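Report on one structure; see the data block that follows.
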Amino acid sequence: MFDRRTAFLCLCILMLGVQQLKAEEKLGIFYPSVKPSKEVQKTFAEDAALKDIKVLAFASFEDFQTAVTSEDITYALVPSAYFQYFSEFEAIYQLTQDGQASFRNIVVSLDPSWNEEKFSQGIVGAINTVGRDKTKTMVEEICAGKKVKRVKQVSKIADLYPLLALGNAQYAIFSPHDLELVKSEFASKPIQAFRTSEVQLPLIGIRKTKKGHSADFFLKLNPTTLRLLGVNGVKANPNQEK
Amino acid sequence: MQGFIVTLIFLLLAPRVSAATVMAVSFDAEEMRVVKETLAKDLNKHRMVDVVIRKDSDYSEFVAAIRQNKPDFIALLDNKAVNFMKKLEELKEPEFARIQAAATMALNLRQVLQSSKRISGIAYEVPAFTTITKFRSLISRPIVRVLAPYRSSEFSSMMTEARLQLQKEGIELVGVDVEVEGREVSAINKVVEKMLTEASDGKKFDAILVPSDNIILNKEAFRTIWLPKARSVKLPFLCNIEKFVSKDFDFCTFAAYPDLVPLGHQLAEQISEALDNGTAVADLGVDYLIGVQLSLNLQRARTIELPLKATEVDSVKQVQ
């Protein structure tokens with residue numbers, strides 16, 4: 001039907017089309033860390049496993065949510081709590097640290113008198129990862145149901161420690177990874193008040209409307225890339241809906 | 001039937017209980033628009049009303065706007081708006097007794113609102129703690145002593161707080177009261193010149209914190225003292241105004257200045273705390289500003305041979 005030259009051209013066009021189709025898939029990353037979103041975006045975009053995916057990293061929950069509604073984000077790398085409050089994505093991969101899928105956050109203060117017993121009387125600094133109107137509920141949940149008087153939210157980890165140091169809040173919640181980085185940056189050392197309940201490490205979700213797309217390339221993510229977010233492995237989400 | 005009546009009553013009452021009217025009073029300025037837009041997004045369950053004032057607006061216009069819009073809460077952006085609300089509080093007019101407010105983008109709010117029971121706020125000044133620790137994270141040599149000129153008549157308590165906050169970081173903030181020889185501009189300029197000359201050897205201090213105070217940075221002092229010293233002294237000048245690190249000014253090495261979106265979030269959080277959770281404004285107080293943007297003049301940094309951390313410098317805005 002076609003001569004060899006036409007067939008080759010058709011094949012090239014088809015391959016270009018497939019490439020184009022793949023290039024349209026987008027990964028949205030919203031996972032507050034001490035690393036700037038610019039650096040996260042660059043590092044993930046350079047990972048060979050994501051060569052056909054456009055990577056977008058967001059500095060704040062609001063920016064991420066705006067992109068979720070206005071852009072065709074196919075995959076989302078977000079804190080696990082996100083999946084409890086929003087249903088656009090289905091969690092398909094679990095990020096891990098040394099094989100572990102969960103961790104406990106650390107609630108710290110700068111004054112030993114603000115201890116675990118007084119937690120409900122103090123103001124708690126937290127990162128906004130699920131929306132300003134839901135953060136207080138989320139904090140109470142991860143603090144094993146302890147009531148919280150008031151939560152002050154920031155978008156960046158870098159702003160969490162100043163909340164404490166300037167006295168805007170008496171407590172702040174850090175992941176162990178972020179706390180280590182903060183400790184290396186400041187001379188005054190935060191005091192652990194208590195540890196929260198187990199929290200799952202971040203998850204990678206696929207937009208439910210795109211369910212069925214193969215996304216196993218996430219399993220090939222370089223541990224060096226992942227280390228930027230304080231993790232070093234990826235596995236299939238054991239709790240994924242069938 | 002009973003259930004229907006209860007639902008009906010709930011539906012009739014619900015909007016009144018949950019939705020309040022928040023009136024924002026501000027100038028027509030781009031920076032203020034950013035803060036108001038953030039407020040509108042965060043407080044979207046409430047009704048937002050925008051009142052724009054001018055330089056010549058007076059108290060009667062403020063009162064007329066309140067009568068017209070009947071706000072439950074007022075967001076005050078700028079000193080002029082704060083002064084209107086302070087007057088309203090002082091006059092104790094029963095008609096406006098329940099109105100509360102939260103302020104920002106005004107000077108020295110922690111002092112100005114110290115005795116207020118009806119106005120909370122977010123200080124607009126970038127804390128010395130933030131400026132100095134953010135700068136410290138960019139360089140690979142320690143910051144131990146920082147020179148900080150200030151006016152004791154206005155900023156004494158701010159200086160005391162800053163000194164304590166930085167002490168915990170092992171940083172000594174050496175405050176110099178520039179009003180020590182009087183409050184006249186000439187007396188202030190004399191002290192500033194002496195102070196900067198003494199700091200010139202570059203051994204006593206690791207940085208100089210430039211105050212965002214137009215009396216200390218008056219036109220004459222800026223041109224004849226601050227600029228020449230910043231260009232000749234081998235010390236980083238740290239400030240809180242972005243344009244001071246620009247190539248044209250060639251003045252400061254580093255600037256930490258308010259990030260307006262987080263500022264809007266901070267203010268919205270206070271307003272929401274008062275409206276939605278019923279917290280008394282008097283208990284909210286005036287919080288420190290948290291979110292900042294950072295800018296570094298690389299040329300100036302090279303001139304004074306600052307040992308920059310390449311990985312950290314990438315995360316700040318760079319002026320070549």
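Scheme for the structure tokens: letters A, B, ... for chains in order shown; per-chain residue numbers from 1; ligand numbers from 1 in order shown.
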
Sorted by chain and rising residue number, list the residues of chain A at most 7 Å from chain B (counting only C-alpha atoms), each with its closest atom pair and distance in Å to one decimal, as CSV.
residue,atom,partner,partner_atom,distance
A:Pro36,CA,B:Ser315,CA,6.4
A:Asp159,CA,B:Ile290,CA,6.3
A:Pro162,CA,B:Ile290,CA,6.9
A:Leu163,CA,B:Ile290,CA,6.9
A:Ala165,CA,B:Gln165,CA,6.8
A:Leu166,CA,B:Gln165,CA,6.8
A:Asn168,CA,B:Asp287,CA,5.9
A:Glu185,CA,B:Ser137,CA,6.9
A:Phe186,CA,B:Glu169,CA,6.5
A:Ala187,CA,B:Glu169,CA,4.8
A:Ser188,CA,B:Glu169,CA,5.5

Near Ile216 (chain B), within 8 Å and counting only C-alpha atoms, which residues show up once chain neighbours fewer than 5 positions away are dropped, as a ChimeraX atom specification?
/B:150-151,178,185,188-189,192,211,221

Give me, as a PyMOL selection string, the residues of region 63-234 of chain A that a backbone DSSP run labels helix (DSSP H, G or I).
chain A and resi 63-70+82-85+119-121+135-142+157-165+176-185+208-210+216-220+223-227

For Ser116 (chain B), please output as an NGL selection string all residues within 8 Å (counting only C-alpha atoms; exclusion window: fewer than 2 positions along the same chain).
:B and (86 or 89 or 113-114 or 118-120 or 282)

Contact residues around Met23 (chain B) with only C-alpha atoms at 10 Å, ignoring same-chain residues under 4 positions, as JSON, numbers by chain
{"B": [47, 48, 49, 50, 51, 65, 66, 69, 70, 71, 72, 73, 74, 75, 76, 101]}

Emit the selected residues as a tab-separated table (two decimals), in the first residue's frame, including C-alpha atoms.
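Once written, out.tsv looks like this:
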chain	number	residue	atom	x	y	z
B	47	ARG	CA	-18.51	39.49	52.41
B	48	MET	CA	-15.59	41.74	51.51
B	49	VAL	CA	-16.03	45.47	50.98
B	50	ASP	CA	-13.23	47.63	49.62
B	51	VAL	CA	-12.90	51.23	50.81
B	65	ALA	CA	-18.00	54.25	55.02
B	66	ILE	CA	-18.77	52.32	58.20
B	69	ASN	CA	-21.21	49.21	54.68
B	70	LYS	CA	-22.02	48.17	58.25
B	71	PRO	CA	-18.87	46.04	58.68
B	72	ASP	CA	-18.43	43.49	61.44
B	73	PHE	CA	-14.69	43.72	61.06
B	74	ILE	CA	-12.26	46.16	59.45
B	75	ALA	CA	-8.92	45.37	57.79
B	76	LEU	CA	-6.71	48.43	58.10
B	101	ALA	CA	-10.16	45.54	63.36

Where in region 10-146 of chain B does DSSP assign strand (DSSP E or B), given as a ChimeraX atom specification?
/B:21-26,47-52,73-77,100-104,119-122,139,145-146

Neighbouring residues of region 104-110 of chain A were defined as those with any atom within 6 Å, considering only C-alpha atoms; residues of the same chain fewer than 3 positions away were excluded. Please report them as a ChimeraX atom specification.
/A:170-175,190-199

Write the residues you've just listed into a file as a PDB file, in the first residue's frame, and include C-alpha atoms for each of them.
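Here's the written file selection23.pdb:
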ATOM      1  CA  GLN A 170       4.605  28.190  71.300  1.00  0.00           C
ATOM      2  CA  TYR A 171       4.791  24.911  69.388  1.00  0.00           C
ATOM      3  CA  ALA A 172       5.688  23.902  65.853  1.00  0.00           C
ATOM      4  CA  ILE A 173       5.333  20.589  64.043  1.00  0.00           C
ATOM      5  CA  PHE A 174       8.282  19.290  62.034  1.00  0.00           C
ATOM      6  CA  SER A 175       9.085  16.073  60.249  1.00  0.00           C
ATOM      7  CA  PRO A 190      14.147  23.301  69.743  1.00  0.00           C
ATOM      8  CA  ILE A 191      12.957  21.006  72.533  1.00  0.00           C
ATOM      9  CA  GLN A 192      10.820  17.989  71.712  1.00  0.00           C
ATOM     10  CA  ALA A 193       7.441  18.196  73.451  1.00  0.00           C
ATOM     11  CA  PHE A 194       6.111  14.930  71.998  1.00  0.00           C
ATOM     12  CA  ARG A 195       5.814  12.873  68.848  1.00  0.00           C
ATOM     13  CA  THR A 196       2.639  12.723  66.817  1.00  0.00           C
ATOM     14  CA  SER A 197       0.823   9.597  65.657  1.00  0.00           C
ATOM     15  CA  GLU A 198       2.220   7.730  62.662  1.00  0.00           C
ATOM     16  CA  VAL A 199       1.886   9.698  59.431  1.00  0.00           C
TER      17      VAL A 199
END

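Those residues that approach His177 (chain A) to within 7 Å, counting only C-alpha atoms, are Glu180, Leu181 and Gly230 of chain A; same-chain residues fewer than 3 positions away are not listed.
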
Would you mind exporting N, CA and C atoms of the selected residues as a PDB file, in the first residue's frame?
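Just written: selection-v3.pdb:
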ATOM      1  N   GLU A 180      15.986  18.231  61.522  1.00  0.00           N
ATOM      2  CA  GLU A 180      17.448  18.122  61.491  1.00  0.00           C
ATOM      3  C   GLU A 180      18.056  19.276  60.699  1.00  0.00           C
ATOM      4  N   LEU A 181      17.417  19.595  59.565  1.00  0.00           N
ATOM      5  CA  LEU A 181      17.941  20.688  58.736  1.00  0.00           C
ATOM      6  C   LEU A 181      17.807  22.038  59.457  1.00  0.00           C
ATOM      7  N   GLY A 230      13.494  14.129  51.541  1.00  0.00           N
ATOM      8  CA  GLY A 230      13.674  13.381  52.789  1.00  0.00           C
ATOM      9  C   GLY A 230      13.245  11.936  52.695  1.00  0.00           C
TER      10      GLY A 230
END
